[in-house]
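In what follows, a single structure is set out as structure tokens and then discussed.
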Amino acid sequence: MTLVPIDVDGDVQTFAGALNEHWTIGPKVHGGAMLALCANAARTACADGRSGDGASGGLQPVAVSGNFLWAPEPGPMRLTTRARKRGRRISVVDVELTQGERTAVHAVITLGEPEHHAPPLLSANPVTALMPPEPPDDLAPIAPGHPMAGLVNLAEGCDIRPVVSTLQSSDDGAPPLIQLWVRPRGSAPDALFALLCGDVSAPVTFAVERTGWAPTVQLTAYLRGLPADGWLRVLCSCVQIGQDWFDEDHTVVDCEGRIVVQSRQLAMVPAR
């Protein structure tokens, strides 16, 4: 998710970026990838020489809230940032992601330092009791021949191993608890990859046999800590799937059992 600065005017900066076909779900650019790109632009605009590369902490997008206005095509994009606050501990940046003359995402990024590597005072972590640090040996990655191949093009850039049975409706009508393991190929997960994983699951509407495009309208993600090198465990759940709207929550946990990302989105139920 490389950015190239192309203009600076006071607190407003503009960057060129791109998301190719590997950052898509079906033909649509992945919402989590677009939010991660917005977060990268905000972090770059406010870095001011402080470490923000994910390697040693520093300024990071601890809260990312995006409204999705239009679904762009894979390809070049422009990101315009406007610093709203530059504080000692917290900075706030507006970001607009545009393609051509149309704004696709309007995001507000809160920058600060995520949790340091220390035990929390209290944690109700739902993932560690359900999912071991690494996927079972017989759990297949999304690849040619997998039932989700051809849809989840993100699998070109990262290893995604979903428990397919958790995508299906339960006999008792209980809400879904979709489980999957994810990690980048050839590198350690960083802050931006962890944020992307806050939107990596197939929609919870699969559990009610609505499997078409489920456009995200609004998504908010919290970066709670920087991930350790290893698999990220993702648990996806919801409270209600309505006739028109549904909510979807992701909890992302690293291989050491630490919550690194929490997210919630509001999306539209696919048509039958």
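Ordering of the structure tokens sets the chain letters (A, B, ...), residue numbers begin anew at 1 in every chain, and ligands are numbered from 1 in the order given.
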
Every residue of segment 107-267 of chain A that DSSP places in strand (DSSP E), as an NGL selection string
:A and (107-112 or 158-162 or 178-184 or 216-223 or 232-237 or 245-253 or 259-267)

Need to verify the contact set: segment 79-91 of chain A, 7 Å, only C-alpha atoms, exclusion of same-chain residues closer than 5 positions in sequence. Can you return it as a PDB file with N, CA and C atoms, in the first residue's frame?
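Here's the written file selection_27.pdb:
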ATOM      1  N   ASP A  11      -2.204  22.171   6.087  1.00  0.00           N
ATOM      2  CA  ASP A  11      -2.607  20.920   6.727  1.00  0.00           C
ATOM      3  C   ASP A  11      -3.233  19.921   5.759  1.00  0.00           C
ATOM      4  N   VAL A  12      -3.313  20.265   4.476  1.00  0.00           N
ATOM      5  CA  VAL A  12      -3.895  19.375   3.473  1.00  0.00           C
ATOM      6  C   VAL A  12      -2.774  18.767   2.638  1.00  0.00           C
ATOM      7  N   GLN A  13      -2.758  17.447   2.572  1.00  0.00           N
ATOM      8  CA  GLN A  13      -1.781  16.736   1.743  1.00  0.00           C
ATOM      9  C   GLN A  13      -2.508  15.761   0.829  1.00  0.00           C
ATOM     10  N   THR A  14      -1.949  15.546  -0.349  1.00  0.00           N
ATOM     11  CA  THR A  14      -2.539  14.625  -1.318  1.00  0.00           C
ATOM     12  C   THR A  14      -1.511  13.585  -1.714  1.00  0.00           C
ATOM     13  N   PHE A  15      -1.960  12.336  -1.772  1.00  0.00           N
ATOM     14  CA  PHE A  15      -1.093  11.214  -2.106  1.00  0.00           C
ATOM     15  C   PHE A  15      -1.706  10.423  -3.262  1.00  0.00           C
ATOM     16  N   ALA A  16      -0.857   9.829  -4.066  1.00  0.00           N
ATOM     17  CA  ALA A  16      -1.290   8.866  -5.073  1.00  0.00           C
ATOM     18  C   ALA A  16      -1.095   7.465  -4.509  1.00  0.00           C
ATOM     19  N   ALA A  41      -2.423   6.768   4.750  1.00  0.00           N
ATOM     20  CA  ALA A  41      -2.281   8.163   4.337  1.00  0.00           C
ATOM     21  C   ALA A  41      -2.290   9.093   5.546  1.00  0.00           C
ATOM     22  N   ALA A  42      -3.187   8.855   6.499  1.00  0.00           N
ATOM     23  CA  ALA A  42      -3.248   9.695   7.694  1.00  0.00           C
ATOM     24  C   ALA A  42      -1.974   9.563   8.508  1.00  0.00           C
ATOM     25  N   GLU A  96     -10.082  11.551   2.399  1.00  0.00           N
ATOM     26  CA  GLU A  96     -10.991  11.199   1.314  1.00  0.00           C
ATOM     27  C   GLU A  96     -10.227  10.392   0.272  1.00  0.00           C
ATOM     28  N   LEU A  97     -10.776   9.222  -0.049  1.00  0.00           N
ATOM     29  CA  LEU A  97     -10.214   8.380  -1.095  1.00  0.00           C
ATOM     30  C   LEU A  97     -11.063   8.576  -2.347  1.00  0.00           C
ATOM     31  N   THR A  98     -10.450   9.022  -3.416  1.00  0.00           N
ATOM     32  CA  THR A  98     -11.188   9.320  -4.638  1.00  0.00           C
ATOM     33  C   THR A  98     -10.600   8.562  -5.818  1.00  0.00           C
ATOM     34  N   THR A 110      -8.086   8.456  13.891  1.00  0.00           N
ATOM     35  CA  THR A 110      -7.504   8.909  15.150  1.00  0.00           C
ATOM     36  C   THR A 110      -6.151   8.229  15.318  1.00  0.00           C
ATOM     37  N   LEU A 111      -5.107   9.034  15.483  1.00  0.00           N
ATOM     38  CA  LEU A 111      -3.745   8.511  15.586  1.00  0.00           C
ATOM     39  C   LEU A 111      -3.221   8.654  17.006  1.00  0.00           C
ATOM     40  N   GLY A 112      -2.532   7.651  17.468  1.00  0.00           N
ATOM     41  CA  GLY A 112      -1.933   7.667  18.797  1.00  0.00           C
ATOM     42  C   GLY A 112      -1.071   6.424  18.948  1.00  0.00           C
TER      43      GLY A 112
END

Between atom CA of Trp23 of chain A and atom CA of Ala47 of chain A, what is the spacing in Å?
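These atoms are spaced 25.4 Å apart.
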
Determine, counting only C-alpha atoms, which protein, DNA and RNA residues have an atom within 10 Å of an atom of Leu226 of chain A; residues of the same chain fewer than 6 positions away are not included. Present the result as an mmCIF file with C-alpha atoms, in the first residue's frame.
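Written output follows (result_15.cif):
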data_model
loop_
_atom_site.group_PDB
_atom_site.id
_atom_site.type_symbol
_atom_site.label_atom_id
_atom_site.label_comp_id
_atom_site.auth_asym_id
_atom_site.auth_seq_id
_atom_site.Cartn_x
_atom_site.Cartn_y
_atom_site.Cartn_z
ATOM 1 C CA GLY A 54 4.764 -0.737 12.935
ATOM 2 C CA ALA A 55 8.217 -2.015 13.852
ATOM 3 C CA SER A 56 8.775 -0.046 17.025
ATOM 4 C CA GLY A 57 5.415 1.505 17.859
ATOM 5 C CA GLN A 60 -0.547 4.472 14.622
ATOM 6 C CA GLU A 113 0.014 4.862 20.429
ATOM 7 C CA PRO A 114 -1.774 1.500 20.690
ATOM 8 C CA GLU A 115 -1.488 -0.680 23.764
ATOM 9 C CA HIS A 116 2.045 -1.579 24.714
ATOM 10 C CA HIS A 117 3.084 -5.206 25.100
ATOM 11 C CA PRO A 189 1.552 -8.858 9.998
ATOM 12 C CA ASP A 190 1.674 -5.138 10.768
ATOM 13 C CA ALA A 191 -0.829 -2.534 11.907
ATOM 14 C CA LEU A 192 -2.317 -1.991 8.444
ATOM 15 C CA ALA A 194 -4.363 -6.171 11.154
ATOM 16 C CA ASP A 254 -2.590 -12.518 17.376
ATOM 17 C CA ARG A 258 -3.687 -10.471 22.399
ATOM 18 C CA ILE A 259 -6.646 -8.626 20.895
ATOM 19 C CA VAL A 260 -5.115 -6.453 18.169
ATOM 20 C CA VAL A 261 -8.213 -5.227 16.285
#

Rank nothing, just name the residue among A:Val208, A:Val164, A:Cys158, A:Ala174 nearest to Trp231 of chain A, using only C-alpha atoms.
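Closest to Trp231 of chain A of all the choices is A:Cys158.
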
How many Å lie between atom CA of Val163 of chain A and atom CA of Gln179 of chain A, rounded to one decimal?
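Value for the atom CA of Val163 of chain A-atom CA of Gln179 of chain A distance: 5.6 Å.
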
Name the residues in contact with Thr166 of chain A at a cut-off of 9 Å, using only C-alpha atoms, excluding same-chain residues fewer than 2 positions from it; report them as a ChimeraX atom specification.
/A:162-164,168-170,176-179,207

With N, CA, C and O atoms retained, write the just-selected residues as a PDB file, in the first residue's frame.
ATOM      1  N   PRO A 162     -10.391 -20.294   6.243  1.00  0.00           N
ATOM      2  CA  PRO A 162     -11.671 -20.233   6.962  1.00  0.00           C
ATOM      3  C   PRO A 162     -12.168 -21.622   7.360  1.00  0.00           C
ATOM      4  O   PRO A 162     -11.903 -22.618   6.676  1.00  0.00           O
ATOM      5  N   VAL A 163     -12.885 -21.670   8.461  1.00  0.00           N
ATOM      6  CA  VAL A 163     -13.617 -22.883   8.827  1.00  0.00           C
ATOM      7  C   VAL A 163     -14.952 -22.783   8.100  1.00  0.00           C
ATOM      8  O   VAL A 163     -15.871 -22.079   8.537  1.00  0.00           O
ATOM      9  N   VAL A 164     -15.058 -23.449   6.954  1.00  0.00           N
ATOM     10  CA  VAL A 164     -16.208 -23.261   6.067  1.00  0.00           C
ATOM     11  C   VAL A 164     -17.517 -23.593   6.773  1.00  0.00           C
ATOM     12  O   VAL A 164     -18.548 -22.951   6.538  1.00  0.00           O
ATOM     13  N   GLN A 168     -22.086 -21.512   7.632  1.00  0.00           N
ATOM     14  CA  GLN A 168     -23.404 -22.058   7.345  1.00  0.00           C
ATOM     15  C   GLN A 168     -24.359 -21.810   8.496  1.00  0.00           C
ATOM     16  O   GLN A 168     -23.952 -21.535   9.627  1.00  0.00           O
ATOM     17  N   SER A 169     -25.648 -21.889   8.190  1.00  0.00           N
ATOM     18  CA  SER A 169     -26.660 -21.694   9.224  1.00  0.00           C
ATOM     19  C   SER A 169     -26.609 -22.847  10.215  1.00  0.00           C
ATOM     20  O   SER A 169     -26.284 -23.983   9.876  1.00  0.00           O
ATOM     21  N   SER A 170     -26.902 -22.518  11.469  1.00  0.00           N
ATOM     22  CA  SER A 170     -26.907 -23.545  12.512  1.00  0.00           C
ATOM     23  C   SER A 170     -28.300 -24.147  12.640  1.00  0.00           C
ATOM     24  O   SER A 170     -29.309 -23.537  12.277  1.00  0.00           O
ATOM     25  N   PRO A 176     -24.209 -16.666  13.776  1.00  0.00           N
ATOM     26  CA  PRO A 176     -22.969 -17.294  13.325  1.00  0.00           C
ATOM     27  C   PRO A 176     -21.766 -16.822  14.123  1.00  0.00           C
ATOM     28  O   PRO A 176     -21.725 -15.691  14.617  1.00  0.00           O
ATOM     29  N   LEU A 177     -20.778 -17.705  14.230  1.00  0.00           N
ATOM     30  CA  LEU A 177     -19.461 -17.376  14.776  1.00  0.00           C
ATOM     31  C   LEU A 177     -18.446 -17.865  13.744  1.00  0.00           C
ATOM     32  O   LEU A 177     -17.930 -18.988  13.838  1.00  0.00           O
ATOM     33  N   ILE A 178     -18.193 -17.026  12.758  1.00  0.00           N
ATOM     34  CA  ILE A 178     -17.300 -17.409  11.662  1.00  0.00           C
ATOM     35  C   ILE A 178     -15.857 -17.357  12.153  1.00  0.00           C
ATOM     36  O   ILE A 178     -15.434 -16.365  12.763  1.00  0.00           O
ATOM     37  N   GLN A 179     -15.107 -18.402  11.864  1.00  0.00           N
ATOM     38  CA  GLN A 179     -13.730 -18.512  12.338  1.00  0.00           C
ATOM     39  C   GLN A 179     -12.776 -18.652  11.151  1.00  0.00           C
ATOM     40  O   GLN A 179     -13.037 -19.433  10.237  1.00  0.00           O
ATOM     41  N   ALA A 207     -25.030 -17.157   6.697  1.00  0.00           N
ATOM     42  CA  ALA A 207     -25.736 -18.039   7.630  1.00  0.00           C
ATOM     43  C   ALA A 207     -27.234 -18.078   7.368  1.00  0.00           C
ATOM     44  O   ALA A 207     -27.921 -18.997   7.839  1.00  0.00           O
TER      45      ALA A 207
END
